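This is upload-v4.tsv. It holds TSV, C-alpha atoms.
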```
chain	number	residue	atom	x	y	z
M	1	MET	CA	-12.54	-13.14	-28.72
M	2	PRO	CA	-10.37	-10.86	-26.53
M	3	LEU	CA	-8.35	-12.31	-23.68
M	4	ARG	CA	-10.47	-12.55	-20.53
M	5	THR	CA	-9.20	-12.10	-16.97
M	6	ILE	CA	-10.57	-13.07	-13.58
M	7	VAL	CA	-9.16	-10.93	-10.76
M	8	VAL	CA	-9.58	-12.26	-7.24
M	9	GLY	CA	-9.53	-9.34	-4.81
M	10	GLY	CA	-11.16	-5.93	-5.06
M	11	GLY	CA	-8.50	-3.95	-3.25
M	12	ILE	CA	-6.25	-1.31	-4.76
M	13	GLY	CA	-4.25	-3.78	-6.84
M	14	GLY	CA	-7.23	-5.68	-8.21
M	15	LEU	CA	-9.22	-2.56	-9.10
M	16	SER	CA	-6.13	-0.97	-10.65
M	17	LEU	CA	-5.57	-3.99	-12.88
M	18	ALA	CA	-9.20	-3.98	-13.98
M	19	ARG	CA	-8.88	-0.28	-14.83
M	20	GLU	CA	-5.73	-0.83	-16.90
M	21	LEU	CA	-7.28	-3.78	-18.73
M	22	ALA	CA	-10.46	-1.82	-19.48
M	23	ARG	CA	-8.39	0.98	-21.02
M	24	LEU	CA	-6.82	-1.60	-23.31
M	25	GLY	CA	-10.18	-3.08	-24.30
M	26	LEU	CA	-9.70	-6.32	-22.38
M	27	PRO	CA	-12.62	-7.63	-20.28
M	28	ALA	CA	-12.15	-8.50	-16.63
M	29	VAL	CA	-14.28	-9.51	-13.66
M	30	VAL	CA	-13.21	-8.70	-10.11
M	31	LEU	CA	-14.38	-11.06	-7.36
M	32	GLU	CA	-14.36	-9.50	-3.87
M	33	ARG	CA	-15.54	-11.28	-0.74
M	34	ALA	CA	-16.39	-8.11	1.22
M	35	PRO	CA	-19.99	-6.90	0.93
M	36	LYS	CA	-18.85	-3.33	0.30
M	37	LEU	CA	-15.69	-1.49	-0.69
M	38	GLY	CA	-13.09	-1.69	2.06
M	39	THR	CA	-11.87	1.18	4.20
M	40	VAL	CA	-9.46	-0.72	6.45
M	41	GLY	CA	-6.33	1.30	7.11
M	42	ALA	CA	-8.06	4.69	7.35
M	43	GLY	CA	-5.54	6.79	5.43
M	44	ILE	CA	-3.15	6.18	2.57
M	45	ILE	CA	-0.01	7.85	1.23
M	46	MET	CA	-0.09	8.08	-2.54
M	47	ASN	CA	3.52	8.63	-3.45
M	48	PRO	CA	4.51	10.25	-6.75
M	49	ASN	CA	4.97	6.92	-8.54
M	50	ALA	CA	1.41	5.87	-7.65
M	51	MET	CA	0.05	9.25	-8.73
M	52	ARG	CA	1.92	8.90	-12.05
M	53	VAL	CA	-0.09	5.73	-12.68
M	54	LEU	CA	-3.32	7.58	-11.93
M	55	GLU	CA	-2.31	10.46	-14.18
M	56	ALA	CA	-1.78	8.02	-17.03
M	57	ASN	CA	-5.08	6.20	-16.51
M	58	GLY	CA	-7.20	9.31	-16.04
M	59	LEU	CA	-8.10	9.02	-12.35
M	60	ALA	CA	-5.65	11.46	-10.77
M	61	ALA	CA	-7.96	14.48	-10.77
M	62	GLY	CA	-10.68	12.60	-8.92
M	63	VAL	CA	-8.25	11.28	-6.34
M	64	ARG	CA	-6.78	14.74	-5.75
M	65	SER	CA	-10.22	16.32	-5.37
M	66	ARG	CA	-10.51	15.06	-1.79
M	67	SER	CA	-6.95	14.89	-0.59
M	68	THR	CA	-4.07	16.94	0.80
M	69	PRO	CA	-1.02	17.52	-1.42
M	70	TYR	CA	2.03	15.55	-0.29
M	71	LEU	CA	4.39	18.53	-0.12
M	72	ALA	CA	6.92	17.50	2.51
M	73	ARG	CA	7.73	14.96	5.21
M	74	ASP	CA	8.79	16.40	8.56
M	75	THR	CA	10.61	14.10	10.98
M	76	PHE	CA	10.97	14.82	14.71
M	77	ASP	CA	12.25	12.94	17.72
M	78	HIS	CA	9.89	11.77	20.47
M	79	ARG	CA	10.06	15.16	22.19
M	80	GLY	CA	9.21	17.08	19.03
M	81	ARG	CA	12.73	18.27	18.12
M	82	ARG	CA	13.14	18.51	14.37
M	83	LEU	CA	15.43	15.97	12.76
M	84	ALA	CA	14.88	16.47	9.04
M	85	THR	CA	12.50	17.65	6.32
M	86	ARG	CA	12.16	16.02	2.94
M	87	ASP	CA	10.72	18.70	0.67
M	88	TYR	CA	9.09	17.35	-2.49
M	89	ARG	CA	8.15	20.73	-3.93
M	90	PRO	CA	11.34	21.36	-5.93
M	91	LEU	CA	10.91	17.95	-7.56
M	92	TYR	CA	7.31	18.76	-8.45
M	93	ALA	CA	8.17	22.21	-9.75
M	94	ASP	CA	10.82	20.79	-12.08
M	95	GLY	CA	8.47	18.10	-13.36
M	96	ARG	CA	10.77	15.36	-12.07
M	97	LEU	CA	7.99	13.77	-10.02
M	98	ALA	CA	4.21	13.68	-10.16
M	99	ALA	CA	2.71	15.44	-7.16
M	100	GLY	CA	1.88	12.99	-4.36
M	101	ALA	CA	-1.37	13.02	-2.40
M	102	LEU	CA	-2.52	12.13	1.13
M	103	LEU	CA	-6.09	10.89	1.40
M	104	HIS	CA	-8.59	8.54	2.98
M	105	ARG	CA	-8.29	5.00	1.64
M	106	ALA	CA	-12.05	4.82	1.05
M	107	HIS	CA	-11.85	7.72	-1.41
M	108	LEU	CA	-9.17	5.95	-3.45
M	109	HIS	CA	-11.32	2.81	-3.57
M	110	GLU	CA	-14.29	4.84	-4.75
M	111	CYS	CA	-12.29	6.48	-7.53
M	112	LEU	CA	-10.93	3.15	-8.76
M	113	TYR	CA	-14.36	1.51	-8.60
M	114	ASP	CA	-16.07	4.39	-10.42
M	115	GLY	CA	-13.43	4.13	-13.16
M	116	LEU	CA	-14.54	0.61	-14.15
M	117	PRO	CA	-17.25	-0.52	-16.57
M	118	PRO	CA	-20.52	-1.32	-14.77
M	119	GLY	CA	-20.71	-4.89	-13.56
M	120	THR	CA	-16.96	-5.44	-13.39
M	121	VAL	CA	-16.84	-5.89	-9.60
M	122	HIS	CA	-18.80	-8.65	-7.87
M	123	LEU	CA	-18.99	-7.86	-4.16
M	124	ASP	CA	-19.92	-10.29	-1.39
M	125	THR	CA	-18.52	-13.15	-3.48
M	126	ARG	CA	-16.91	-16.01	-1.61
M	127	ILE	CA	-14.94	-18.55	-3.60
M	128	ARG	CA	-15.51	-22.29	-3.24
M	129	GLY	CA	-12.87	-23.53	-5.66
M	130	PHE	CA	-10.44	-22.81	-8.48
M	131	GLU	CA	-9.47	-24.73	-11.60
M	132	ALA	CA	-6.74	-24.00	-14.12
M	133	ASP	CA	-5.75	-26.15	-17.09
M	134	PRO	CA	-4.33	-25.60	-20.59
M	135	HIS	CA	-7.78	-24.55	-21.83
M	136	GLY	CA	-8.52	-21.82	-19.29
M	137	VAL	CA	-9.36	-20.98	-15.69
M	138	ARG	CA	-12.58	-21.31	-13.72
M	139	VAL	CA	-13.74	-20.03	-10.37
M	140	GLU	CA	-16.77	-21.41	-8.53
M	141	THR	CA	-18.41	-19.31	-5.82
M	142	GLU	CA	-20.35	-20.37	-2.75
M	143	ARG	CA	-23.53	-19.12	-4.45
M	144	GLY	CA	-22.98	-21.66	-7.24
M	145	GLU	CA	-21.81	-19.17	-9.87
M	146	THR	CA	-19.01	-20.17	-12.22
M	147	PHE	CA	-16.69	-17.64	-13.85
M	148	SER	CA	-14.49	-18.71	-16.77
M	149	ALA	CA	-11.60	-16.86	-18.39
M	150	ASP	CA	-8.17	-17.20	-19.94
M	151	VAL	CA	-6.10	-16.04	-16.99
M	152	LEU	CA	-6.52	-15.83	-13.21
M	153	ILE	CA	-4.87	-13.07	-11.16
M	154	GLY	CA	-4.57	-13.26	-7.40
M	155	ALA	CA	-4.78	-9.72	-6.04
M	156	ASP	CA	-6.26	-10.91	-2.77
M	157	GLY	CA	-3.78	-9.55	-0.30
M	158	ILE	CA	-1.22	-10.79	2.14
M	159	ARG	CA	-3.23	-13.94	3.02
M	160	SER	CA	-3.99	-14.75	-0.59
M	161	THR	CA	-6.17	-17.78	-1.29
M	162	VAL	CA	-4.90	-17.84	-4.88
M	163	ARG	CA	-1.32	-18.02	-3.65
M	164	ALA	CA	-2.17	-20.80	-1.23
M	165	ARG	CA	-4.01	-22.81	-3.90
M	166	PHE	CA	-1.55	-22.54	-6.79
M	167	PHE	CA	1.82	-21.62	-5.27
M	168	GLY	CA	1.83	-23.20	-1.83
M	169	GLY	CA	1.34	-21.58	1.54
M	170	ASP	CA	4.54	-19.63	2.11
M	171	GLU	CA	4.77	-18.48	5.71
M	172	LEU	CA	4.37	-14.77	6.40
M	173	VAL	CA	7.44	-13.14	7.95
M	174	TYR	CA	6.63	-11.09	11.05
M	175	LEU	CA	9.07	-8.18	11.40
M	176	GLY	CA	8.80	-7.73	15.16
M	177	TYR	CA	6.41	-4.78	15.42
M	178	ARG	CA	2.78	-3.84	15.00
M	179	SER	CA	0.84	-0.76	13.89
M	180	HIS	CA	-2.31	1.12	14.91
M	181	ARG	CA	-4.27	3.25	12.44
M	182	PHE	CA	-7.17	5.64	13.01
M	183	VAL	CA	-8.60	8.99	11.89
M	184	VAL	CA	-9.33	12.05	14.05
M	185	ALA	CA	-9.90	15.74	13.44
M	186	ASN	CA	-6.86	17.69	12.25
M	187	ARG	CA	-6.95	20.06	15.21
M	188	ASP	CA	-3.54	21.59	14.55
M	189	GLY	CA	-4.17	22.18	10.85
M	190	LEU	CA	-1.14	20.12	9.90
M	191	GLU	CA	-0.21	20.43	6.23
M	192	HIS	CA	2.73	18.02	5.98
M	193	PHE	CA	3.24	14.34	6.61
M	194	THR	CA	4.66	14.53	10.15
M	195	GLU	CA	6.39	11.65	11.94
M	196	PHE	CA	7.94	11.24	15.36
M	197	LEU	CA	10.68	8.70	16.10
M	198	GLY	CA	10.89	7.27	19.59
M	199	ARG	CA	12.53	4.28	21.21
M	200	GLY	CA	10.96	1.17	19.74
M	201	GLN	CA	7.95	3.23	18.64
M	202	ARG	CA	6.92	5.77	16.02
M	203	VAL	CA	3.87	7.99	15.53
M	204	GLY	CA	2.77	9.51	12.24
M	205	LEU	CA	0.28	12.35	11.68
M	206	VAL	CA	-0.94	12.63	8.10
M	207	PRO	CA	-3.46	15.26	6.91
M	208	ILE	CA	-5.82	13.57	4.44
M	209	GLY	CA	-8.22	16.37	3.48
M	210	GLY	CA	-11.65	17.31	4.76
M	211	GLY	CA	-10.21	18.43	8.09
M	212	GLN	CA	-9.16	14.87	8.90
M	213	LEU	CA	-5.90	13.53	10.29
M	214	TYR	CA	-4.72	9.98	9.70
M	215	VAL	CA	-2.76	8.72	12.71
M	216	TRP	CA	-0.50	5.68	12.52
M	217	THR	CA	1.76	4.13	15.08
M	218	THR	CA	4.36	1.39	15.22
M	219	PHE	CA	5.48	-0.41	18.36
M	220	ASN	CA	7.84	-3.31	19.02
M	221	SER	CA	5.85	-6.35	20.10
M	222	PRO	CA	6.63	-10.07	20.49
M	223	ALA	CA	4.79	-12.22	17.95
M	224	ALA	CA	2.74	-14.00	20.61
M	225	SER	CA	1.76	-10.81	22.45
M	226	ARG	CA	-1.79	-9.53	22.54
M	227	ALA	CA	-0.89	-6.40	24.49
M	228	TRP	CA	-2.15	-4.02	21.82
M	229	ALA	CA	-3.54	-1.36	24.19
M	230	LEU	CA	-6.99	-1.50	22.62
M	231	GLU	CA	-8.88	-2.06	25.85
M	232	SER	CA	-9.31	1.70	26.31
M	233	VAL	CA	-8.29	5.07	24.91
M	234	GLU	CA	-6.32	5.68	28.10
M	235	ALA	CA	-4.31	2.48	27.56
M	236	LEU	CA	-3.49	3.48	23.98
M	237	ARG	CA	-2.37	6.94	25.05
M	238	ALA	CA	-0.26	5.46	27.85
M	239	LEU	CA	1.47	3.06	25.46
M	240	PHE	CA	2.82	6.04	23.53
M	241	GLY	CA	3.50	8.21	26.56
M	242	GLN	CA	7.11	8.85	25.53
M	243	PHE	CA	5.84	11.20	22.79
M	244	THR	CA	5.47	14.52	24.56
M	245	ASP	CA	4.99	16.82	21.57
M	246	ALA	CA	1.69	18.68	21.82
M	247	ARG	CA	0.68	17.68	18.28
M	248	VAL	CA	0.85	14.00	19.18
M	249	ARG	CA	-0.95	14.54	22.47
M	250	ARG	CA	-3.78	16.45	20.77
M	251	ALA	CA	-4.13	13.80	18.06
M	252	PHE	CA	-4.55	11.06	20.67
M	253	ALA	CA	-6.88	13.30	22.67
M	254	GLY	CA	-9.18	13.43	19.63
M	255	LEU	CA	-9.82	9.69	19.85
M	256	ALA	CA	-13.05	8.97	21.73
M	257	ALA	CA	-13.00	5.14	21.59
M	258	THR	CA	-10.84	2.31	20.26
M	259	GLU	CA	-13.53	0.36	18.37
M	260	ASN	CA	-12.42	1.76	15.01
M	261	VAL	CA	-8.69	1.59	15.71
M	262	VAL	CA	-7.06	-0.98	13.43
M	263	CYS	CA	-4.07	-2.88	14.78
M	264	THR	CA	-2.10	-5.16	12.45
M	265	ASP	CA	1.11	-7.13	12.44
M	266	ILE	CA	3.85	-5.78	10.18
M	267	GLU	CA	4.65	-8.70	7.91
M	268	GLU	CA	6.24	-9.50	4.58
M	269	VAL	CA	5.46	-12.08	1.92
M	270	ARG	CA	8.66	-13.51	0.45
M	271	GLN	CA	7.23	-15.43	-2.46
M	272	GLU	CA	9.68	-16.89	-4.96
M	273	SER	CA	7.23	-17.58	-7.80
M	274	TRP	CA	4.61	-15.05	-8.92
M	275	ALA	CA	3.34	-16.79	-12.07
M	276	ARG	CA	2.60	-20.32	-13.17
M	277	ASP	CA	0.78	-21.45	-16.32
M	278	ARG	CA	-2.39	-19.29	-16.46
M	279	VAL	CA	-2.18	-17.90	-12.91
M	280	ALA	CA	-0.26	-14.90	-11.54
M	281	LEU	CA	-0.04	-12.90	-8.33
M	282	LEU	CA	-0.13	-9.12	-7.97
M	283	GLY	CA	0.52	-6.65	-5.16
M	284	ASP	CA	0.53	-7.91	-1.58
M	285	ALA	CA	-0.37	-11.43	-2.70
M	286	ALA	CA	3.01	-11.60	-4.42
M	287	HIS	CA	5.22	-9.33	-2.35
M	288	ALA	CA	3.57	-7.73	0.69
M	289	LEU	CA	6.02	-5.26	2.19
M	290	SER	CA	6.31	-3.19	5.33
M	291	PRO	CA	4.54	0.19	5.23
M	292	ASN	CA	7.60	2.31	6.01
M	293	LEU	CA	7.87	3.90	2.56
M	294	GLY	CA	4.12	4.08	1.94
M	295	GLN	CA	4.62	1.91	-1.15
M	296	GLY	CA	2.14	-0.94	-0.79
M	297	ALA	CA	-0.34	0.77	-3.11
M	298	GLY	CA	2.40	2.05	-5.39
M	299	MET	CA	3.89	-1.38	-5.98
M	300	ALA	CA	0.46	-2.91	-6.65
M	301	MET	CA	-0.46	-0.15	-9.09
M	302	GLU	CA	2.84	-0.44	-10.92
M	303	ASP	CA	2.28	-4.21	-11.10
M	304	ALA	CA	-1.13	-3.56	-12.66
M	305	VAL	CA	0.28	-1.35	-15.43
M	306	VAL	CA	2.99	-3.84	-16.38
M	307	LEU	CA	0.75	-6.90	-16.18
M	308	ALA	CA	-1.97	-5.27	-18.30
M	309	ASP	CA	0.65	-4.31	-20.89
M	310	GLU	CA	1.93	-7.88	-21.11
M	311	LEU	CA	-1.58	-9.34	-21.31
M	312	ALA	CA	-2.40	-6.94	-24.14
M	313	LYS	CA	0.61	-8.26	-26.06
M	314	ALA	CA	-0.64	-11.81	-25.54
M	315	ASP	CA	-4.11	-10.77	-26.71
M	316	GLY	CA	-2.56	-9.28	-29.85
M	317	GLY	CA	-0.67	-12.47	-30.65
M	318	GLU	CA	2.77	-11.00	-29.97
M	319	GLN	CA	3.53	-13.63	-27.33
M	320	SER	CA	1.97	-16.57	-25.54
M	321	LEU	CA	0.08	-16.09	-22.30
M	322	GLU	CA	2.77	-17.99	-20.41
M	323	ALA	CA	5.44	-15.71	-21.90
M	324	ALA	CA	3.36	-12.65	-20.97
M	325	LEU	CA	3.19	-13.68	-17.32
M	326	ALA	CA	6.90	-14.51	-17.25
M	327	SER	CA	7.72	-11.11	-18.75
M	328	TYR	CA	5.54	-9.38	-16.14
M	329	VAL	CA	7.52	-11.04	-13.36
M	330	ALA	CA	10.87	-10.25	-15.01
M	331	ARG	CA	9.98	-6.58	-15.46
M	332	ARG	CA	8.78	-6.16	-11.90
M	333	ARG	CA	11.02	-8.27	-9.67
M	334	GLU	CA	14.12	-6.05	-9.35
M	335	ARG	CA	12.09	-2.90	-8.74
M	336	VAL	CA	9.92	-4.58	-6.12
M	337	GLU	CA	12.84	-6.22	-4.33
M	338	THR	CA	14.62	-2.86	-4.10
M	339	VAL	CA	11.59	-1.15	-2.55
M	340	VAL	CA	10.93	-4.05	-0.17
M	341	ARG	CA	14.55	-3.95	1.02
M	342	LEU	CA	14.57	-0.18	1.50
M	343	SER	CA	11.26	-0.25	3.37
M	344	ARG	CA	12.49	-3.02	5.66
M	345	ARG	CA	15.64	-1.04	6.45
M	346	VAL	CA	13.68	2.14	7.24
M	347	GLY	CA	11.52	0.08	9.59
M	348	GLU	CA	14.50	-1.50	11.33
M	349	GLU	CA	16.00	1.93	11.98
M	350	GLY	CA	12.66	3.37	13.05
M	351	GLN	CA	12.13	0.59	15.58
M	352	LEU	CA	15.52	0.89	17.28
M	353	SER	CA	15.06	0.96	21.03
M	354	GLY	CA	18.49	1.39	22.61
M	355	PRO	CA	19.34	4.96	23.73
M	356	LEU	CA	22.70	5.04	21.92
M	357	ALA	CA	21.29	3.47	18.74
M	358	CYS	CA	18.44	5.98	18.66
M	359	TRP	CA	20.80	8.90	19.29
M	360	LEU	CA	23.05	7.78	16.41
M	361	ARG	CA	20.03	7.36	14.13
M	362	ASN	CA	18.74	10.82	14.94
M	363	ARG	CA	22.17	12.38	14.44
M	364	ARG	CA	22.46	10.74	11.03
M	365	LEU	CA	19.03	12.04	10.00
M	366	ARG	CA	20.02	15.58	11.03
M	367	ARG	CA	23.22	15.32	9.04
M	368	GLU	CA	21.50	13.98	5.94
M	369	GLY	CA	18.91	16.74	6.18
M	370	ARG	CA	21.64	19.33	5.66
M	371	ALA	CA	22.21	18.01	2.10
M	372	PRO	CA	18.85	18.62	0.36
M	373	GLU	CA	20.25	18.03	-3.13
M	374	ARG	CA	21.31	14.54	-2.15
M	375	VAL	CA	17.90	13.88	-0.57
M	376	GLU	CA	16.13	15.07	-3.73
M	377	ALA	CA	18.28	12.82	-5.92
M	378	ALA	CA	17.48	9.81	-3.76
M	379	LEU	CA	13.76	10.58	-3.84
M	380	GLU	CA	13.82	10.94	-7.62
M	381	ARG	CA	15.56	7.58	-8.04
M	382	LEU	CA	12.92	5.89	-5.89
M	383	LEU	CA	9.76	7.68	-7.03
M	384	ALA	CA	10.24	8.63	-10.68
M	385	TRP	CA	8.40	5.66	-12.22
M	386	PRO	CA	8.31	4.56	-14.95
```
When written as structure tokens, how does the structure in this file appear?
Amino acid sequence: MPLRTIVVGGGIGGLSLARELARLGLPAVVLERAPKLGTVGAGIIMNPNAMRVLEANGLAAGVRSRSTPYLARDTFDHRGRRLATRDYRPLYADGRLAAGALLHRAHLHECLYDGLPPGTVHLDTRIRGFEADPHGVRVETERGETFSADVLIGADGIRSTVRARFFGGDELVYLGYRSHRFVVANRDGLEHFTEFLGRGQRVGLVPIGGGQLYVWTTFNSPAASRAWALESVEALRALFGQFTDARVRRAFAGLAATENVVCTDIEEVRQESWARDRVALLGDAAHALSPNLGQGAGMAMEDAVVLADELAKADGGEQSLEAALASYVARRRERVETVVRLSRRVGEEGQLSGPLACWLRNRRLRREGRAPERVEAALERLLAWP
């Protein structure tokens, strides 16, 4: 009998793992508490490393069919003065990176879901309890169903119930700022990922295909604060009043109400252990990171490829299941820690609020932008995976 896997969480990481396991002939069930596929977050940046995973597993064409190519990232100050451009096109043309894509998160979920064998995903499934012993793992749902398998994978996000049950409830680390996310019409016909750096705030405008624009913000905010400016569109616009560029103003003008604006804390999970006996963590459940590099999905998808590979070796008798999970962690930890650290640093610089500190940051970005070869080399080191 092939090795069987229960995946808790039907987000990007969980669906990606199920896809990789299916390609290797290994059965999996995905248990997701939401009644339908999630769309929280509005847009998503699929960096070249994430698209390389999709190219390998056959889903890239479908994802790209309703997206905007990730050609360049333009950075401006809060008044709209250009600071730098990171141009990905030379790296794509030389075959050094897979072409990135900018799209709606719901479309990615649909592509991953459609790439699975029928019946893999069980929606609207709330878990009552877990068991894991030397003979296997079991999950009992609130409807009285019981799922049994050889291994349990927690891909259930930053507030993972699997992590809490088997690894202890490590505290989330709040990084001192929050983020809004929403979608409006792309009135300016923007083609590039466009970001604006202010004092203690940032605004991003990301074209995601279909005439849509994904808007994200960040703003410094004390942990206990509830001043999120969601009481009205006018309050949200006023919060980001320092951004005077017409493109930002028009993007905010396209928002009719705040009901669908998502506001979340920017947090990290700093989890020491990712695997124990027959249980392992994947994606945000193991190592949630700040969104500053757009690598949450990328790290989860890379995790999925490596974990599926190790589980296939265990299924083939090349190693024990415990050794497979330990090898997964060993192969992933350095890469993940590097990306987490870089993303945190980008966020710290982006959230600077002092006039002198912001001026020095902007000057450095202008200077670095004058050395495109160095920028390309850095991007290749980060994004050329595997």
For the interface of segment 251-365 of chain M with segment 128-137 of chain M (cut-off 10 Å, counting all atoms listed in the file), please tabulate each contacting residue of segment 251-365 of chain M alongside its nearest pair of atoms and their separation in Å to one decimal, rows sorted by chain and increasing number, as a tab-separated table.
```
residue	atom	partner	partner_atom	distance
M:Asp277	CA	M:Pro134	CA	7.8
M:Arg278	CA	M:Ala132	CA	6.8
M:Val279	CA	M:Ala132	CA	7.7
```
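For the pair atom CA of Phe219 of chain M and atom CA of Phe240 of chain M, the separation is 8.7 Å.
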Closest pair table for segment 166-224 of chain M residues within 7 Å of segment 340-354 of chain M, only C-alpha atoms, as JSON lines:
```
{"residue": "M:Leu197", "atom": "CA", "partner": "M:Gly350", "partner_atom": "CA", "distance": 6.5}
{"residue": "M:Arg199", "atom": "CA", "partner": "M:Ser353", "partner_atom": "CA", "distance": 4.2}
{"residue": "M:Gly200", "atom": "CA", "partner": "M:Ser353", "partner_atom": "CA", "distance": 4.3}
{"residue": "M:Gln201", "atom": "CA", "partner": "M:Gln351", "partner_atom": "CA", "distance": 5.8}
{"residue": "M:Arg202", "atom": "CA", "partner": "M:Gly350", "partner_atom": "CA", "distance": 6.9}
{"residue": "M:Asn220", "atom": "CA", "partner": "M:Gln351", "partner_atom": "CA", "distance": 6.7}
```
Selected residues written out with C-alpha atoms, as a PDB file, keeping the file's coordinate frame:
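Written output follows (selection04.pdb):
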```pdb
ATOM      1  CA  LEU M 197      10.680   8.700  16.100  1.00  0.00           C
ATOM      2  CA  ARG M 199      12.530   4.280  21.210  1.00  0.00           C
ATOM      3  CA  GLY M 200      10.960   1.170  19.740  1.00  0.00           C
ATOM      4  CA  GLN M 201       7.950   3.230  18.640  1.00  0.00           C
ATOM      5  CA  ARG M 202       6.920   5.770  16.020  1.00  0.00           C
ATOM      6  CA  ASN M 220       7.840  -3.310  19.020  1.00  0.00           C
TER       7      ASN M 220
END
```
Grab the atom CA of Ala98 of chain M to atom CA of Arg19 of chain M distance for me, in Å with one decimal place. 19.7 Å
Atom-to-atom span, atom CA of Phe182 of chain M and atom CA of Leu59 of chain M, Å: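 Answer for the atom CA of Phe182 of chain M to atom CA of Leu59 of chain M separation: 25.6 Å.
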Between M:Thr264, M:Ala50, M:Asp124, M:Val306, which one has atoms that come closest to Leu230 of chain M, using only C-alpha atoms? M:Thr264
Output as CSV one row per residue of segment 197-307 of chain M within 12 Å of segment 74-93 of chain M: the closest atom pair and its distance in Å to one decimal place, counting only C-alpha atoms, sorted by chain and residue number ascending.
```
residue,atom,partner,partner_atom,distance
M:Leu197,CA,M:Asp77,CA,4.8
M:Gly198,CA,M:His78,CA,4.7
M:Arg199,CA,M:His78,CA,8.0
M:Gly200,CA,M:His78,CA,10.7
M:Gln201,CA,M:His78,CA,8.9
M:Arg202,CA,M:His78,CA,8.0
M:Val203,CA,M:His78,CA,8.7
M:Gly204,CA,M:Thr75,CA,9.2
M:Leu205,CA,M:Asp74,CA,9.9
M:Val206,CA,M:Asp74,CA,10.4
M:Phe240,CA,M:His78,CA,9.6
M:Gly241,CA,M:His78,CA,9.5
M:Gln242,CA,M:His78,CA,6.5
M:Phe243,CA,M:His78,CA,4.7
M:Thr244,CA,M:Arg79,CA,5.2
M:Asp245,CA,M:Gly80,CA,4.9
M:Ala246,CA,M:Gly80,CA,8.2
M:Arg247,CA,M:Gly80,CA,8.6
M:Val248,CA,M:Gly80,CA,8.9
M:Arg249,CA,M:Gly80,CA,11.0
```
Need to verify the contact set: segment 150-158 of chain M, 9 Å, only C-alpha atoms, exclusion of same-chain residues closer than 2 positions in sequence. Can you return it as a ChimeraX atom specification? /M:3-15,17,32,132,135-139,148,160-163,172,267-269,277-288,300,321
May I have the residues within 12 Å of Ser225 of chain M as a PyMOL selection string, using only C-alpha atoms and disregarding those fewer than 2 positions away in the same chain? chain M and resi 176-178+219-223+227-229+265
